[in-house]
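Engineer: Just start.cif, nothing more (mmCIF, C-alpha atoms):
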```cif
data_model
loop_
_atom_site.label_atom_id
_atom_site.label_comp_id
_atom_site.auth_asym_id
_atom_site.auth_seq_id
_atom_site.Cartn_x
_atom_site.Cartn_y
_atom_site.Cartn_z
CA MET A 1 73.62 75.68 103.38
CA LYS A 2 75.10 77.64 100.52
CA LYS A 3 74.76 76.15 97.07
CA SER A 4 77.85 75.03 95.22
CA THR A 5 79.25 77.77 93.02
CA LEU A 6 81.01 77.31 89.73
CA ILE A 7 84.24 79.24 89.83
CA THR A 8 85.98 79.72 86.50
CA LEU A 9 89.55 80.96 86.55
CA LEU A 10 90.99 82.00 83.21
CA VAL A 11 94.72 82.49 83.30
CA PHE A 12 96.51 83.98 80.33
CA LEU A 13 100.19 83.05 80.40
CA GLY A 14 101.43 83.83 76.91
CA VAL A 15 99.33 80.94 75.60
CA GLY A 16 95.70 80.49 76.53
CA MET A 17 94.95 78.18 79.42
CA VAL A 18 91.63 77.74 81.21
CA THR A 19 91.31 76.20 84.64
CA THR A 20 87.80 75.42 85.86
CA VAL A 21 87.28 74.80 89.55
CA HIS A 22 84.06 73.47 91.10
CA ALA A 23 83.99 74.66 94.69
CA ASN A 24 81.64 75.00 97.59
CA SER A 25 81.75 78.77 98.10
CA ILE A 26 81.96 78.52 101.89
CA ASN A 27 85.26 76.62 101.57
CA LEU A 28 86.79 78.57 98.68
CA LYS A 29 90.17 80.07 99.46
CA ILE A 30 92.66 81.69 97.10
CA ARG A 31 96.02 82.38 98.66
CA SER A 32 99.45 83.50 97.53
CA LEU A 33 102.16 81.12 98.73
CA PHE A 34 105.75 82.30 98.54
CA ASN A 35 109.25 80.99 99.09
CA ILE A 36 112.04 83.58 99.37
CA LYS A 37 115.76 82.84 99.22
CA ASN A 38 118.56 85.26 100.10
CA SER A 39 116.73 88.38 98.89
CA PHE A 40 114.05 90.91 99.69
CA CYS A 41 110.71 90.02 98.15
CA SER A 42 107.18 91.41 98.32
CA ILE A 43 103.95 89.85 97.08
CA LYS A 44 101.11 92.02 95.75
CA THR A 45 97.61 91.43 94.42
CA ASN A 46 96.14 94.29 92.39
CA GLU A 47 98.86 96.58 93.82
CA VAL A 48 97.93 95.69 97.41
CA LEU A 49 100.81 94.34 99.48
CA GLY A 50 99.98 90.95 100.91
CA MET A 51 103.29 90.23 102.61
CA ASP A 52 107.03 90.77 102.38
CA ASN A 53 110.14 89.67 104.26
CA ARG A 54 111.44 93.14 105.09
CA LYS A 55 112.18 92.36 108.74
CA PRO A 56 114.32 89.26 107.97
CA ALA A 57 115.97 91.09 105.05
CA PHE A 58 116.84 94.01 107.34
CA SER A 59 118.38 91.47 109.74
CA GLY A 60 120.48 90.03 106.91
CA ARG A 61 118.69 86.70 106.65
CA GLY A 62 116.64 87.25 103.49
CA GLY A 63 114.52 84.13 103.64
CA GLY A 64 110.87 83.37 104.19
CA ILE A 65 108.15 80.80 103.52
CA SER A 66 104.56 81.84 104.13
CA SER A 67 101.23 82.69 102.51
CA THR A 68 98.75 85.54 102.35
CA ASN A 69 94.99 85.80 101.81
CA SER A 70 94.80 87.01 98.19
CA LEU A 71 91.05 86.42 97.83
CA LEU A 72 90.34 89.68 99.70
CA PHE A 73 91.99 91.67 96.89
CA LEU A 74 90.59 89.79 93.88
CA GLU A 75 87.55 90.67 91.82
CA ASN A 76 85.61 89.20 88.92
CA GLY A 77 87.40 90.04 85.69
CA SER A 78 91.02 91.08 85.21
CA ASN A 79 93.46 90.98 88.13
CA THR A 80 97.21 91.43 88.49
CA ILE A 81 99.47 89.45 90.78
CA SER A 82 103.04 90.64 91.13
CA LEU A 83 106.34 89.86 92.79
CA GLU A 84 109.01 92.46 93.57
CA ILE A 85 112.55 91.32 94.34
CA GLY A 86 115.60 93.26 95.55
CA ALA A 87 119.15 92.46 96.62
CA LEU A 88 119.93 92.04 100.32
CA ASN A 89 122.84 94.47 100.03
CA TRP A 90 120.37 97.35 100.06
CA PHE A 91 119.88 96.75 103.77
CA SER A 92 123.60 96.75 104.54
CA LYS A 93 124.91 99.33 107.00
CA ASP A 94 128.27 99.33 105.22
CA ASN A 95 129.34 102.28 103.07
CA LEU A 96 128.38 100.76 99.70
CA THR A 97 127.68 102.40 96.37
CA GLU A 98 124.29 102.01 94.70
CA LYS A 99 125.88 99.60 92.22
CA GLU A 100 127.27 97.45 95.04
CA ARG A 101 123.92 97.46 96.84
CA SER A 102 122.21 96.21 93.67
CA VAL A 103 124.29 93.02 93.48
CA PHE A 104 122.31 89.81 94.07
CA SER A 105 123.64 86.63 95.61
CA LYS A 106 123.87 83.87 93.03
CA ASP A 107 121.39 81.72 94.96
CA ALA A 108 118.86 84.53 95.48
CA GLY A 109 115.31 83.96 94.32
CA CYS A 110 111.62 84.25 95.04
CA LYS A 111 108.67 82.10 94.01
CA LEU A 112 104.98 83.01 94.15
CA ASP A 113 102.19 80.47 93.65
CA LEU A 114 98.61 81.70 93.38
CA VAL A 115 96.70 78.71 94.73
CA ASN A 116 93.03 77.77 94.89
CA PHE A 117 92.07 75.70 97.94
CA ASP A 118 88.70 73.97 97.57
CA GLY A 119 88.17 71.86 100.63
CA GLU A 120 91.01 69.34 100.60
CA THR A 121 91.88 70.08 96.96
CA LYS A 122 94.81 72.39 96.17
CA LYS A 123 95.37 73.67 92.63
CA ILE A 124 97.98 76.14 91.39
CA ILE A 125 96.33 78.84 89.27
CA THR A 126 99.58 80.43 88.18
CA SER A 127 103.15 80.98 89.40
CA ILE A 128 105.99 83.47 89.18
CA ASP A 129 109.41 81.94 89.81
CA VAL A 130 112.34 84.39 89.85
CA THR A 131 115.99 83.35 89.92
CA ILE A 132 119.28 85.14 89.16
CA ASN A 133 120.91 84.52 85.77
CA LYS A 134 124.66 84.33 85.00
CA ASN A 135 124.70 88.11 84.47
CA GLY A 136 123.38 88.72 87.99
CA VAL A 137 119.95 89.85 86.75
CA PRO A 138 116.61 88.46 88.02
CA VAL A 139 114.67 86.44 85.44
CA GLY A 140 111.14 85.08 85.80
CA LYS A 141 109.20 82.07 84.59
CA ASN A 142 105.62 80.90 85.03
CA ASP A 143 104.50 77.42 86.06
CA LYS A 144 104.77 76.28 82.41
CA GLY A 145 108.41 77.33 82.22
CA GLU A 146 107.65 80.32 79.97
CA LEU A 147 109.64 83.52 80.45
CA ILE A 148 108.04 86.48 82.21
CA THR A 149 109.45 89.91 81.44
CA GLY A 150 110.43 91.91 84.50
CA LYS A 151 110.99 95.66 84.84
CA GLU A 152 113.14 97.81 87.09
CA ILE A 153 111.28 100.02 89.55
CA LEU A 154 112.19 102.11 92.59
CA ALA A 155 110.96 101.01 95.99
CA GLU A 156 108.75 103.25 98.11
CA ASN A 157 110.94 106.14 99.24
CA ILE A 158 111.16 107.65 102.71
CA GLN A 159 111.73 111.07 104.27
CA GLU A 160 113.39 111.43 107.64
CA GLY A 161 111.86 113.39 110.50
CA HIS A 162 108.26 112.16 110.44
CA ILE A 163 108.37 109.56 113.20
CA ASP A 164 109.89 109.27 116.68
CA SER A 165 113.65 109.03 116.02
CA ASN A 166 113.92 106.26 118.64
CA PHE A 167 111.97 104.03 116.27
CA PHE A 168 113.54 105.06 112.98
CA ASN A 169 116.30 103.33 111.04
CA LYS A 170 117.20 104.64 107.59
CA PHE A 171 118.26 101.18 106.46
CA TYR A 172 114.82 99.63 107.07
CA PHE A 173 113.44 101.36 103.96
CA PRO A 174 116.64 101.93 101.94
CA LYS A 175 116.72 105.08 99.84
CA LYS A 176 116.82 104.66 96.04
CA MET A 177 116.35 100.92 96.42
CA LYS A 178 116.06 99.18 93.05
CA LEU A 179 113.54 96.37 92.66
CA TYR A 180 112.60 94.09 89.79
CA GLU A 181 108.86 93.62 89.29
CA PHE A 182 107.31 90.56 87.63
CA SER A 183 103.56 90.39 86.99
CA GLN A 184 100.89 88.05 85.67
CA GLN A 185 97.34 88.85 84.56
CA VAL A 186 94.57 86.60 85.86
CA ASN A 187 90.90 86.75 84.85
CA ILE A 188 88.56 85.47 87.54
CA HIS A 189 84.81 84.84 87.57
CA GLY A 190 82.61 83.72 90.45
CA VAL A 191 84.38 85.44 93.36
CA GLN A 192 82.43 87.21 96.12
CA GLU A 193 81.85 90.91 95.40
CA TRP A 194 83.75 92.83 98.07
CA GLY A 195 82.83 96.23 99.46
CA TRP A 196 85.63 98.00 97.59
CA VAL A 197 84.64 96.75 94.12
CA ASN A 198 82.13 99.52 93.30
CA SER A 199 83.70 102.22 95.46
CA THR A 200 84.53 105.71 94.23
CA PRO A 201 88.14 105.87 92.95
CA TYR A 202 90.47 108.19 94.83
CA ASN A 203 91.43 111.33 92.88
CA ASN A 204 93.48 113.14 95.56
CA LYS A 205 91.24 116.19 95.60
CA THR A 206 91.06 118.15 98.83
CA GLU A 207 87.52 117.04 99.59
CA GLN A 208 88.43 113.36 99.33
CA LEU A 209 91.62 113.78 101.36
CA ASN A 210 89.68 115.52 104.14
CA LYS A 211 87.12 112.70 104.18
CA LEU A 212 89.90 110.12 104.39
CA ARG A 213 91.50 111.98 107.27
CA ALA A 214 88.11 112.20 108.98
CA ALA A 215 87.77 108.41 108.71
CA TYR A 216 91.12 107.92 110.45
CA THR A 217 90.15 110.46 113.11
CA LEU A 218 86.88 108.68 113.79
CA MET A 219 88.56 105.30 114.00
CA ALA A 220 91.14 106.71 116.42
CA GLU A 221 88.33 108.09 118.60
CA ILE A 222 86.54 104.74 118.61
CA ILE A 223 89.71 102.85 119.55
CA ASN A 224 90.47 105.34 122.32
CA SER A 225 86.89 105.02 123.63
CA LYS A 226 87.58 101.28 124.22
CA ASP A 227 84.14 100.53 122.77
CA ARG A 228 84.35 97.15 121.00
CA LYS A 229 80.71 97.25 119.90
CA LYS A 230 81.16 100.60 118.18
CA LEU A 231 84.42 99.44 116.57
CA LYS A 232 82.68 96.33 115.23
CA GLU A 233 79.91 98.48 113.71
CA TYR A 234 82.40 100.84 112.08
CA ASP A 235 84.59 97.99 110.80
CA HIS A 236 81.70 95.81 109.58
CA VAL A 237 82.58 95.86 105.84
CA ALA A 238 86.13 94.64 106.49
CA LEU A 239 85.03 92.12 109.12
CA LYS A 240 82.45 90.62 106.75
CA ALA A 241 85.13 90.10 104.09
CA TRP A 242 87.63 88.60 106.53
CA SER A 243 84.96 86.31 107.95
CA TYR A 244 83.95 85.07 104.50
CA THR A 245 87.52 84.26 103.46
CA THR A 246 88.65 82.64 106.74
CA GLY A 247 85.51 80.94 108.03
CA GLU A 248 85.96 82.62 111.41
CA SER A 249 83.29 84.76 113.04
CA GLU A 250 83.47 88.56 112.90
CA ASP A 251 83.93 88.67 116.67
CA GLU A 252 86.90 86.27 116.47
CA ILE A 253 88.53 88.34 113.75
CA LEU A 254 87.97 91.62 115.58
CA LEU A 255 89.49 90.12 118.73
CA SER A 256 92.56 88.91 116.81
CA GLN A 257 93.08 92.33 115.24
CA TYR A 258 92.21 94.39 118.35
CA PRO A 259 92.97 92.23 121.43
CA GLU A 260 91.38 93.10 124.78
CA GLU A 261 94.65 94.29 126.31
CA LYS A 262 95.00 96.82 123.48
CA LEU A 263 91.37 97.94 123.23
CA GLU A 264 89.42 97.47 126.47
CA GLN A 265 92.50 97.79 128.68
CA GLY A 266 93.61 100.91 126.79
CA LYS A 267 97.08 99.68 125.84
CA ALA A 268 96.58 101.00 122.29
CA ARG A 269 95.79 104.65 122.85
CA ILE A 270 96.17 106.39 119.50
CA GLU A 271 98.51 109.39 119.49
CA PRO A 272 97.39 112.81 118.19
CA ILE A 273 97.74 112.80 114.40
CA ASN A 274 100.04 115.22 112.57
CA TRP A 275 98.76 114.99 109.00
CA ASP A 276 102.02 116.40 107.58
CA ASP A 277 103.67 113.11 108.56
CA TYR A 278 101.49 111.09 106.18
CA GLU A 279 100.92 110.54 102.48
CA VAL A 280 98.27 108.61 100.55
CA ARG A 281 98.97 105.16 99.13
CA VAL A 282 96.58 104.49 96.24
CA MET A 283 95.95 100.87 95.19
CA ASN A 284 93.71 98.72 93.04
CA LYS A 285 92.62 101.29 90.41
CA GLY A 286 92.19 103.89 93.14
CA ARG A 287 89.52 101.96 94.98
CA ILE A 288 91.62 101.07 98.03
CA VAL A 289 93.69 103.69 99.88
CA GLN A 290 95.80 104.10 103.01
CA LEU A 291 97.62 106.92 104.73
CA PHE A 292 101.22 105.94 105.45
CA ASN A 293 104.03 107.51 107.44
CA LYS A 294 106.65 109.28 105.31
CA SER A 295 109.53 107.96 107.45
CA LYS A 296 108.20 104.45 108.07
CA PRO A 297 105.67 103.50 105.37
CA THR A 298 104.36 100.46 107.22
CA PHE A 299 102.93 102.80 109.88
CA SER A 300 99.57 104.56 109.65
CA PRO A 301 98.07 107.48 111.59
CA LEU A 302 96.61 104.90 114.01
CA THR A 303 99.87 104.75 115.96
CA TYR A 304 100.37 104.19 119.68
CA TYR A 305 103.10 103.65 122.28
CA TYR A 306 103.02 100.65 124.58
CA ILE A 307 105.14 98.95 127.23
CA ASP A 308 105.85 95.23 126.75
CA GLU A 309 106.19 92.53 129.40
CA GLU A 310 109.87 93.36 129.88
CA ARG A 311 109.02 97.03 130.50
CA GLU A 312 110.45 98.18 127.17
CA LYS A 313 108.75 100.95 125.22
CA PHE A 314 107.53 100.21 121.69
CA LEU A 315 105.60 101.91 118.93
CA GLY A 316 102.65 100.00 117.48
CA TYR A 317 100.02 100.71 114.85
CA PHE A 318 96.86 99.53 113.11
CA ALA A 319 96.79 99.79 109.31
CA PRO A 320 93.29 99.27 107.87
CA MET A 321 92.59 99.89 104.18
CA PHE A 322 89.78 102.27 103.20
CA SER A 323 87.40 102.77 100.29
CA GLN A 324 84.93 105.56 99.60
CA ILE A 325 81.45 104.04 99.74
CA ASN A 326 78.27 106.14 99.61
CA GLY A 327 80.34 109.31 99.93
CA GLU A 328 82.32 108.29 103.03
CA PHE A 329 85.54 106.38 103.60
CA VAL A 330 85.15 103.14 105.53
CA PRO A 331 87.62 100.34 106.34
CA VAL A 332 87.21 97.52 103.82
CA ILE A 333 90.23 95.31 104.64
#
```
Once more with this new file: its structure as structure tokens, please.
Structural biologist:
Amino acid sequence: MKKSTLITLLVFLGVGMVTTVHANSINLKIRSLFNIKNSFCSIKTNEVLGMDNRKPAFSGRGGGISSTNSLLFLENGSNTISLEIGALNWFSKDNLTEKERSVFSKDAGCKLDLVNFDGETKKIITSIDVTINKNGVPVGKNDKGELITGKEILAENIQEGHIDSNFFNKFYFPKKMKLYEFSQQVNIHGVQEWGWVNSTPYNNKTEQLNKLRAAYTLMAEIINSKDRKKLKEYDHVALKAWSYTTGESEDEILLSQYPEEKLEQGKARIEPINWDDYEVRVMNKGRIVQLFNKSKPTFSPLTYYYIDEEREKFLGYFAPMFSQINGEFVPVI
């Protein structure tokens, strides 16, 4: 049995507020819950994307209620949670100007609650609630009703020609898309120390880039070898973290991420990697990195074709996150 751990969460929201949570560490969960209305919205923890509603937004629906496992991205000390919101018009296939694409629906909005679950107890640590004011501009408030200042940013841009054209749509990642970012600082003490915490920050030097590419190459070889035991050994840092935060065994998590039909049955055979198709996404003070496709940024070099039950051809991918530990890049999430 693990001893009870005192978790102290200090949240600075304009005025000082301290929330102290007594939790059994084996049951501790911190998640980001979100509710999106008539907009595009993404939820990030320390610059790491937890979840967004891009697929519904692309389909014109713009809603979504879900949650994501934020604990994996949190560390002891200062952390940043953020919400990025954009107008649905950016995904329109109509011939609109940038100004027209930037117009929000009056009822658009997005709410993020950072929540601590301790057994049956649920406590909101902090919130970001964004609505649209009478001038059509997103405004944010915290759970105390205090204003949060947002800033305009540009969404991740794309370049055409770096992925199979049969699986590319220029409206899925709209060019020059304007987002409004709202953030809150949270100081946390008592959280598990993850593998990425003391990793070597990424500096984009050639040596580091080559090591990162080598890590993807090795993972592709392991997946293509259909060797689950070897994949579990290589992915052990990430699996340990997932197991701790979910309560599931490492084998259960590995099976959910790499099902038998994809691994042992060879359905997910990774394609040869053209490194010119990928750029580096640097997150969390440089300690977490990914390679992403320039045309479809959700995709990684671990990409594969597959045929579904209705005999249609699709393009799939695995997108682990890496950190440099003891001189080598390993998957940590």
Engineer: Can you spell out as a PyMOL selection string the set of residues that the PyMOL selection byres ((chain A and resi 220-222) around 9) selects in the structure I just provided?
Structural biologist: chain A and resi 215-219+223-228+230-231+234+269-272+301-303
Engineer: May I have the residues within 6 Å of Asn38 (chain A) as a ChimeraX atom specification, using all atoms listed in the file and disregarding those fewer than 3 positions away in the same chain?
Structural biologist: /A:62-63,108
Engineer: Using CA of Ile253 (chain A) and CA of Gly195 (chain A) as the two end points, give the distance in Å to one decimal.
Structural biologist: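 That distance, rounded to one decimal, is 17.3 Å.
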Engineer: Mind telling me what the PyMOL selection byres ((chain A and resi 134) around 12) catches here, as a list in words?
Structural biologist: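 Selected by the PyMOL selection byres ((chain A and resi 134) around 12) in this file: Phe104, Ser105, Lys106, Asp107, Ala108, Thr131, Ile132, Asn133, Asn135, Gly136, Val137, Pro138 and Val139 of chain A.
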Engineer: Restrict the calculation to only C-alpha atoms, then for each residue of region 97-215 of chain A with any atom at most 8 Å from an atom of region 290-295 of chain A give the closest atom pair and their distance in Å to one decimal, rows by chain and rising residue number, as CSV.
Structural biologist:
```
residue,atom,partner,partner_atom,distance
A:Ile158,CA,A:Ser295,CA,5.0
A:Gln159,CA,A:Ser295,CA,5.0
A:Glu160,CA,A:Ser295,CA,5.2
A:Gly161,CA,A:Ser295,CA,6.6
A:His162,CA,A:Ser295,CA,5.3
A:Ile163,CA,A:Ser295,CA,6.1
A:Phe168,CA,A:Ser295,CA,7.4
```
Engineer: Given 5 Å on each side, where is the centre and what are the edge lengths in Å to one decimal of the axis-aligned box enclosing the listed atoms of region 217-233 of chain A, as JSON?
Structural biologist:
```
{"center_x": 85.5, "center_y": 103.4, "center_z": 118.7, "size_x": 21.2, "size_y": 24.1, "size_z": 21.1}
```
Engineer: Using only C-alpha atoms, which residue out of A:Val280, A:Leu74, A:Ile85, A:Val289 lies closest to Asn187 (chain A)?
Structural biologist: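 Checking each of A:Val280, A:Leu74, A:Ile85, A:Val289 against Asn187 (chain A), counting only C-alpha atoms, the winner is A:Leu74.
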Engineer: Could you name the residues that touch Ser66 (chain A) at 9 Å or less, counting all atoms listed in the file, but leaving out those on the same chain fewer than 2 positions away, as a list in words?
Structural biologist: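 Once the adjacent positions are removed, what remains is Ser32, Leu33, Phe34, Asn35, Met51, Gly64 and Thr68 of chain A.
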Engineer: For CA of Cys110 (chain A) and CA of Ser39 (chain A), quote the distance in Å rounded to one decimal.
Structural biologist: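 CA of Cys110 (chain A) sits 7.6 Å away from CA of Ser39 (chain A).
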Engineer: As a check of understanding, name the residues that the PyMOL selection byres ((chain A and resi 42) around 8) selects in the supplied structure, as a ChimeraX atom specification.
Structural biologist: /A:40-41,43-44,49-53,83-85
Engineer: So which residues touch region 310-316 of chain A within 9 Å, counting all atoms listed in the file, skipping near sequence neighbours fewer than 6 positions away, as a list of chain:residue names?
Structural biologist: A:Asp164, A:Phe167, A:Ala268, A:Phe299, A:Leu302, A:Thr303, A:Tyr304
Engineer: At a cut-off of 8 Å, using only C-alpha atoms, what residues contact Leu254 (chain A)? Leave out same-chain residues fewer than 5 positions from it and give the result as a PyMOL selection string.
Structural biologist: chain A and resi 232+239+259
Engineer: Write out as number ranges by chain the residues lying within 8 Å of Thr245 (chain A), counting only C-alpha atoms and excluding same-chain residues fewer than 4 positions away.
Structural biologist: A: 28-29, 69, 71-72, 241
Engineer: Tell me which residues come within 12 Å of (93.6, 109.6, 103.7), as an MDAnalysis selection string, counting all atoms listed in the file in the file's coordinates.
Structural biologist: chainID A and resid 202:217 273 275:282 288:293 300:302 319:324 328:331
Engineer: Go through A:Lys176, A:Gly140, A:Thr45, A:Asp308 and flag the residue nearest Thr97 (chain A), using all atoms listed in the file for the distances.
Structural biologist: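 Of the candidates, the smallest distance to Thr97 (chain A) is held by A:Lys176.
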Engineer: Rank A:Leu114, A:Asp251, A:Tyr172, A:Thr149 by their smallest atom-to-atom distance to Thr298 (chain A), using all atoms listed in the file, and report the top residue only.
Structural biologist: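 Counting all atoms listed in the file, the residue closest to Thr298 (chain A) is A:Tyr172.
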Engineer: Using only C-alpha atoms, can you tell me which of A:Asn169, A:Asn284, A:Thr126, A:Asn95 comes closest to Glu75 (chain A)?
Structural biologist: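 Between A:Asn169, A:Asn284, A:Thr126, A:Asn95, the residue approaching Glu75 (chain A) most closely is A:Asn284.
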